[in-house]
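> The structure's right below; bear with me while I get my questions together.
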Amino acid sequence: MKLLAFFILIFSLFSTVALAQNLTLHVSVQGDDSNPGTEGKPVASIARAAELIRAAGSDFDTAHVIIHEGVYRLQQGVVINGLKNIVFSGVDNGNVTIKGSTALTSFQKLSKRHTLYKKNPEIGKKIIEFDVSNIEGLTHEKLRLAGASSVPELKDFRLHELIVDGKPMPLSRWPNGDAYAEFTHSVVDSSTMLTGIQYTDEHISSWNDEPNILLHGYWKYLWADAYEQVNSIDRKRKIIWLNPPYNHYTFDENKPFAAVNVVSEIDQPGEWAYDYKAQKIFFYPEGDVTDSKIELSVCKDPLLSIEEAQHITFRNITFSNGAGPGIEIKNSSYVNVENCIVNAFPQDGILVHGGYNNSIRGCEVFDTGRGAIIVNGGSYITLEKGNFNIENCHLHHLSRIDKTYTPGILVDGVGTTIRNCKMHDIPSSAIRLNGNDHLVEYNEMYDVVTESDDQGAIDMWGTQNYRGNVIRYNYFYDVGPKGQDAINSHCGRAGVRLDDAISGVFIYGNVFKNTSVGLFGAVQIHGGKDNIVWNNIIYNCETGVSFSPWSEQKWEEYTQKAKEFFMQNRLAYIAQYPQMIRYDDDINKNTLIGNVLINCEKNKVRDKKGINTWEDNIEINDEGADLERANYSLGKYAKELEGVQFIPIPFEKIGLKKQE
């Protein structure tokens, strides 16, 4: 009997362990949240699956949530808080989509009595209108957007967007295309204390009874955009009065702006505008929309929120059509977002704040109003790394709404790796790099910084305490405007821009092609020191490297606060970066060795008194050069490179990797 009892006990323990290691739940659009979540009786929502996992307590090793093919519509985001050891997977080769939108199934032709129809009957007869008065989750209030120089309280805006066949449509815009008008100066009404801008284009006076005009402008600096909300238009004095709060930098003179969400300016296929008073949307479709999927984003939450969680994976899922950000992860560790698509959001795609060892791999993020990915991990005080990884991601067609300082990837903190990503079609930078010990390698970046001024494809700004960053084996090409420069750049664009005392960056093994615009070279260094630029190919650039040296007084004044922080934490910083023991020595001194400059008009500019070390940099003029065809092999220039010992760049490893 004792032996039998022993075997029963062993079998019971074995069964318990086996059960604990095999918790599997199924989610299906045909499911019911009252079901147990088995394959035969699936639940209907990810939120319900999370509740069942929470109820199971610790009776499992890893929980697997299988999400079956279908569209899952949300008015409130999925929240995964305080959980651990879960893998959420879309079915293989399936189409699992989580949407924050509702379908618009009925519309009517624009009334001939509408002012838009009377303005242009040829266009008016093509415009359709949607009554959105009864849509659940839609609040009928004036639109308010932000921009880089907007005040903080406006930046967390929500925008219910019109989405047709998966693509967000642009709000109506005047002037059309990428053009801008100009205001001459700003004025203040002493009785109302409203600020206004003086306009000259008489066309603006035609905007009668417009309910909700927004002005998008570069009100003071051409690297800082913002949206202003129109209060009224004084047609006699030609003043557009604006509602506070105003942008952070206020208003200069003769700066560019454009108007959006003007109902009477819907004159291009794809444009739409929202009339919050009539509770209607007016839309100029590109063609017959009888068979199109027309949707309106309604979910104001991130479609997925993860907080205080560990070992969570989401894979093979599409997140789209929200009215705010896409995915937000806070204070969590070992969270992986893999092979997911994130698109059609008015804010950023994926945000990760805090925690350790989080990763975003094999994802595609596009059609966002701001950037694609924001991460912030690690400690500036101890220099402990967050160990975040962003790998093999395709990030493109970003910054639809906020145009400046909304990079494809925004990094803060310590110890993030960005590898094998492809980034393009971004008005702002591909990468904004803040912090320490980041590694950026094997990435492809092109058609970036297409609108903003004074930035680089990789942009760094702020303090010489940002140290230990490595930028290697990347391919930068075609940086800057694709055609005419819409905002008339005053400064320029670069492949890598190190602004305002950025120091200690190691830039090597990169290829720069056509990345020098305006006053900037392929690499632009502004006031920094101890940067090393080594063994790069700089090809078909107007300028190889540009400098903006600082005076000792400017250095001392600018770095005062940064130096205070350094002195408080100098033991950790000097141990990691011994050069920082000489914090104020050798300002403006950088090292540039062994670079190959081919068909560049100038190898360097503004090198004050030759203070930078410039050695063994080879200049080659070859009008027939076609380095792309040769995968940037420099074999044909063996004679010119004698004695330089240039190390070949592993160009074939750059860019997206084939998914396994």
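Order determines the names: the first chain of the structure tokens is A, the second B, and so forth; residues in each chain are numbered 1 upward, and ligands are numbered 1 upward as they are shown.
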If we count only C-alpha atoms, what is near Met580 in chain A at a cut-off of 12 Å, once residues fewer than 3 positions away on the same chain are taken out, given as a list in words?

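In the requested format, the answer is Gln464, Asn465, Tyr466, Arg467, Gly468, Ser503, Gly504, Lys529, Asp530, Lys563, Phe566, Met567, Asn569, Arg570, Leu571, Ala572, Tyr573, Ile574, Ala575, Gln576, Tyr577, Tyr583, Asp584, Asp585, Asp586 and Ile587 of chain A.
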
> Could you dump the residues just selected with C-alpha atoms as a PDB file, in the first residue's frame?


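Contents of again12.pdb, freshly written:
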ATOM      1  CA  GLN A 464      28.654  65.765 -23.841  1.00  0.00           C
ATOM      2  CA  ASN A 465      27.582  63.370 -21.079  1.00  0.00           C
ATOM      3  CA  TYR A 466      26.054  61.237 -23.858  1.00  0.00           C
ATOM      4  CA  ARG A 467      29.035  58.951 -24.466  1.00  0.00           C
ATOM      5  CA  GLY A 468      29.891  55.504 -25.733  1.00  0.00           C
ATOM      6  CA  SER A 503      31.004  63.974 -27.836  1.00  0.00           C
ATOM      7  CA  GLY A 504      32.669  60.584 -27.793  1.00  0.00           C
ATOM      8  CA  LYS A 529      34.742  66.827 -29.066  1.00  0.00           C
ATOM      9  CA  ASP A 530      36.375  63.380 -28.845  1.00  0.00           C
ATOM     10  CA  LYS A 563      28.869  69.311 -15.718  1.00  0.00           C
ATOM     11  CA  PHE A 566      28.645  64.715 -14.247  1.00  0.00           C
ATOM     12  CA  MET A 567      30.327  65.789 -11.014  1.00  0.00           C
ATOM     13  CA  ASN A 569      28.021  60.875 -10.857  1.00  0.00           C
ATOM     14  CA  ARG A 570      31.634  61.148 -12.010  1.00  0.00           C
ATOM     15  CA  LEU A 571      32.828  57.862 -10.546  1.00  0.00           C
ATOM     16  CA  ALA A 572      30.531  55.849 -12.828  1.00  0.00           C
ATOM     17  CA  TYR A 573      31.184  58.094 -15.838  1.00  0.00           C
ATOM     18  CA  ILE A 574      34.970  58.238 -15.607  1.00  0.00           C
ATOM     19  CA  ALA A 575      35.133  54.479 -15.059  1.00  0.00           C
ATOM     20  CA  GLN A 576      33.138  53.995 -18.254  1.00  0.00           C
ATOM     21  CA  TYR A 577      34.629  56.891 -20.274  1.00  0.00           C
ATOM     22  CA  TYR A 583      35.867  67.445 -19.038  1.00  0.00           C
ATOM     23  CA  ASP A 584      36.666  70.899 -20.446  1.00  0.00           C
ATOM     24  CA  ASP A 585      39.908  70.227 -22.313  1.00  0.00           C
ATOM     25  CA  ASP A 586      40.383  70.149 -26.095  1.00  0.00           C
ATOM     26  CA  ILE A 587      36.957  71.463 -27.034  1.00  0.00           C
TER      27      ILE A 587
END

> What lies within 12 Å of range 53-57 of chain A using only C-alpha atoms, ignoring chain neighbours under 3 positions off, as a list in words?

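Contacts, with the query itself left out: Leu19, Ala20, Leu23, Thr24, Leu25, His26, Pro36, Gly37, Ile46, Ala47, Arg48, Ala49, Ala50, Phe60, Asp61, Thr62, Ala63, His64, Val65, Ile80, Asn81, Gly82, Leu83, Lys84, Asn85, Ile86, Val87 and Phe88 of chain A.
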
> May I have the residues from that selection written out with C-alpha atoms, as a compact mmCIF listing (two decimals), in the first residue's frame?


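Once written, part_21.txt looks like this:
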# COMPACT_ATOMS: atom_id res chain seq x y z
CA LEU A 19 -0.63 20.75 -16.56
CA ALA A 20 1.30 23.76 -15.31
CA LEU A 23 -1.92 26.27 -20.42
CA THR A 24 -3.31 27.11 -23.86
CA LEU A 25 -6.22 29.41 -24.62
CA HIS A 26 -7.90 30.19 -27.93
CA PRO A 36 -13.54 28.36 -21.25
CA GLY A 37 -11.11 29.26 -24.05
CA ILE A 46 -7.76 38.93 -25.82
CA ALA A 47 -8.91 40.79 -22.71
CA ARG A 48 -10.96 37.76 -21.62
CA ALA A 49 -8.02 35.44 -22.25
CA ALA A 50 -5.91 37.65 -19.97
CA PHE A 60 1.34 27.21 -15.36
CA ASP A 61 4.84 27.71 -16.65
CA THR A 62 4.03 29.56 -19.87
CA ALA A 63 0.57 30.40 -21.14
CA HIS A 64 -0.03 30.35 -24.89
CA VAL A 65 -2.88 32.42 -26.31
CA ILE A 80 -2.00 43.40 -19.82
CA ASN A 81 -0.90 44.54 -16.36
CA GLY A 82 1.06 42.60 -13.77
CA LEU A 83 1.11 39.35 -15.74
CA LYS A 84 4.04 37.20 -16.79
CA ASN A 85 5.04 34.27 -18.95
CA ILE A 86 2.50 34.63 -21.75
CA VAL A 87 2.86 34.26 -25.52
CA PHE A 88 0.10 35.79 -27.65

> Looking at only C-alpha atoms, which of A:Phe314, A:Trp219, A:Tyr632, A:Phe345 is the one that sits closest to Gly362 in chain A?

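Among the listed residues, A:Phe314 lies closest to Gly362 in chain A.
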
> If you run DSSP over the backbone, which residues in range 289-398 of chain A end up strand (DSSP E)? Put them as a ChimeraX atom specification.

/A:294-297,304-307,310-315,318-320,327-330,333-338,341-345,350-353,359-361,364-368,373-377,388-391,394-396

> Taking only C-alpha atoms into account, which of A:Gly77, A:Val596, A:Val91, A:Ser149 comes nearest Ser28 in chain A?

A:Val91

> Excluding same-chain residues fewer than 5 positions from Asn621 in chain A, what lies within 10 Å of it counting only C-alpha atoms, as a short mmCIF file (atom, residue, chain, number, x, y, z; two decimals) with N, CA and C atoms, in the first residue's frame?


data_model
loop_
_atom_site.label_atom_id
_atom_site.label_comp_id
_atom_site.auth_asym_id
_atom_site.auth_seq_id
_atom_site.Cartn_x
_atom_site.Cartn_y
_atom_site.Cartn_z
N TYR A 539 30.30 59.59 -50.47
CA TYR A 539 30.20 59.48 -51.92
C TYR A 539 29.13 60.45 -52.45
N ASN A 540 29.50 61.21 -53.46
CA ASN A 540 28.56 62.14 -54.11
C ASN A 540 27.90 63.07 -53.09
N LEU A 597 36.66 59.77 -49.60
CA LEU A 597 35.69 60.74 -50.10
C LEU A 597 35.74 60.73 -51.63
N ILE A 598 34.65 60.33 -52.25
CA ILE A 598 34.59 60.16 -53.70
C ILE A 598 33.57 61.14 -54.28
N ASN A 599 34.02 61.97 -55.19
CA ASN A 599 33.17 62.95 -55.87
C ASN A 599 32.49 63.91 -54.89
N CYS A 600 33.26 64.38 -53.92
CA CYS A 600 32.76 65.40 -52.99
C CYS A 600 33.39 66.75 -53.38
N GLU A 601 32.58 67.80 -53.44
CA GLU A 601 33.10 69.11 -53.81
C GLU A 601 34.08 69.63 -52.77
#

> For CA of Ser333 in chain A and CA of Gly371 in chain A, quote the distance in Å rounded to one decimal.

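We find that CA of Ser333 in chain A and CA of Gly371 in chain A lie 22.5 Å from each other.
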
> When distances are computed from only C-alpha atoms, which of A:Phe157, A:Tyr180, A:Phe130, A:Tyr221 shows the smallest separation from Phe282 in chain A?

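For Phe282 in chain A, the nearest of the given residues is A:Phe130.
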